[in-house]
Amino acid sequence: MRLYRNPHFLAYQDDHAQIPPPQRPVAFVSLPDDPDLDPPALLNAACTVRGLAPLGRQFWLKCPRLPAQLLHAVLADGRRARQPDGRLNETLYQIHHHGRTVQVRKPAQQGTATTVVATGGDDPAVVCDLHSHGHMPAFFSPTDDADEQGLRLYAVMGRLDSVPEMRLRLGVCGYWQPLPLTAVFSDAGPFLDLYNFKERER
Ligand SMILES: [Zn+2]
């Protein structure tokens, strides 16, 4: 089992024997140059994991919410990823949290209208994998479920050319807790948050 975890960003209290807890205390993280930072946000993710006692309030942000300008940036970039005929390609982004800085990076990747294959992905500074479905709705496909097996935030954006939408979830080694965008970001930015909408496609 591979765990992707940023100890500066997510803390974990173990009552799941298969998931090792952090090896050292989690540092508080602040972001530079933003006087309007939120206080740390609690991800009140009361997860139900089959066969285990309920997990309550197991995860929390150790840093202020991430600036929504990151979401504007990924939408702008995602809209530029097109085939010659104008169709949007899928793309993958990763949000790297280094304590004083947060960066969105685009790993080496090959995208089509319906797939994206990227290299790397086990950098512990990555706190969120975010991929684009291009024109399609934002939903977590069985392929996404198979790929998103780390301990990390996962987001998918869709309908980039109409009303852009996004879903966000916290992943724990194959279990997921849906979260509102505002649990992690300062606001939803340019996206319709689908947190309160049932997934339409699987
Ligand atoms: Zn997907």
# chains A, B, ... in the order shown; residues from 1 in each chain; ligands from 1

$ residues_near_ligand --ligand "ligand 1" --cutoff "9 Å" --atoms "only C-alpha atoms and all ligand atoms" --output "PyMOL selection string"
chain A and resi 90+114-116+131-133+138-145+155-157

$ atom_distance --atom1 "CA of Ala183 in chain A" --atom2 "CA of Leu71 in chain A"
13.8 Å

$ closest_residue --among "A:Ala113, A:Val102, A:Ala125, A:Leu61" --to "Gly86 in chain A" --atoms "only C-alpha atoms"
A:Ala113

$ atom_distance --atom1 "CA of Leu168 in chain A" --atom2 "CA of Asp193 in chain A"
8.3 Å

$ closest_residue --among "A:Lys106, A:Asp147, A:Pro137, A:Phe185" --to "Phe197 in chain A" --atoms "only C-alpha atoms"
A:Pro137

$ residues_around --residues "Ser162 in chain A" --least-positions-apart "3" --cutoff "12 Å" --atoms "only C-alpha atoms" --output "ChimeraX atom specification"
/A:75,79,134-137,157-159,165,190-192

$ write_last_selection --atoms "N, CA and C atoms" --output "mmCIF file, in the first residue's frame"
data_model
loop_
_atom_site.group_PDB
_atom_site.id
_atom_site.type_symbol
_atom_site.label_atom_id
_atom_site.label_comp_id
_atom_site.auth_asym_id
_atom_site.auth_seq_id
_atom_site.Cartn_x
_atom_site.Cartn_y
_atom_site.Cartn_z
ATOM 1 N N LEU A 75 -8.622 26.356 -14.122
ATOM 2 C CA LEU A 75 -9.668 26.450 -15.148
ATOM 3 C C LEU A 75 -9.110 27.091 -16.414
ATOM 4 N N ARG A 79 -8.816 25.101 -20.003
ATOM 5 C CA ARG A 79 -9.509 25.564 -21.204
ATOM 6 C C ARG A 79 -8.573 25.718 -22.400
ATOM 7 N N GLY A 134 -12.797 17.941 -19.180
ATOM 8 C CA GLY A 134 -13.056 18.687 -20.409
ATOM 9 C C GLY A 134 -14.510 19.096 -20.516
ATOM 10 N N HIS A 135 -15.160 18.649 -21.591
ATOM 11 C CA HIS A 135 -16.569 19.005 -21.800
ATOM 12 C C HIS A 135 -17.512 18.194 -20.917
ATOM 13 N N MET A 136 -17.029 17.081 -20.420
ATOM 14 C CA MET A 136 -17.922 16.165 -19.713
ATOM 15 C C MET A 136 -18.198 16.652 -18.290
ATOM 16 N N PRO A 137 -19.244 16.098 -17.679
ATOM 17 C CA PRO A 137 -19.532 16.495 -16.285
ATOM 18 C C PRO A 137 -18.408 16.089 -15.340
ATOM 19 N N MET A 157 -12.842 18.458 -12.329
ATOM 20 C CA MET A 157 -13.623 19.566 -12.879
ATOM 21 C C MET A 157 -14.155 19.159 -14.242
ATOM 22 N N GLY A 158 -15.307 19.735 -14.603
ATOM 23 C CA GLY A 158 -15.933 19.392 -15.874
ATOM 24 C C GLY A 158 -16.731 20.552 -16.435
ATOM 25 N N ARG A 159 -17.289 20.310 -17.641
ATOM 26 C CA ARG A 159 -18.086 21.320 -18.348
ATOM 27 C C ARG A 159 -17.337 22.646 -18.443
ATOM 28 N N GLU A 165 -17.789 23.145 -13.408
ATOM 29 C CA GLU A 165 -18.228 22.533 -12.163
ATOM 30 C C GLU A 165 -17.101 21.691 -11.590
ATOM 31 N N PRO A 190 -14.276 29.903 -9.782
ATOM 32 C CA PRO A 190 -15.151 29.962 -10.945
ATOM 33 C C PRO A 190 -16.073 28.755 -11.064
ATOM 34 N N PHE A 191 -16.075 27.887 -10.086
ATOM 35 C CA PHE A 191 -16.751 26.599 -10.239
ATOM 36 C C PHE A 191 -18.086 26.536 -9.498
ATOM 37 N N LEU A 192 -19.010 25.828 -10.113
ATOM 38 C CA LEU A 192 -20.197 25.365 -9.416
ATOM 39 C C LEU A 192 -19.776 24.154 -8.581
#
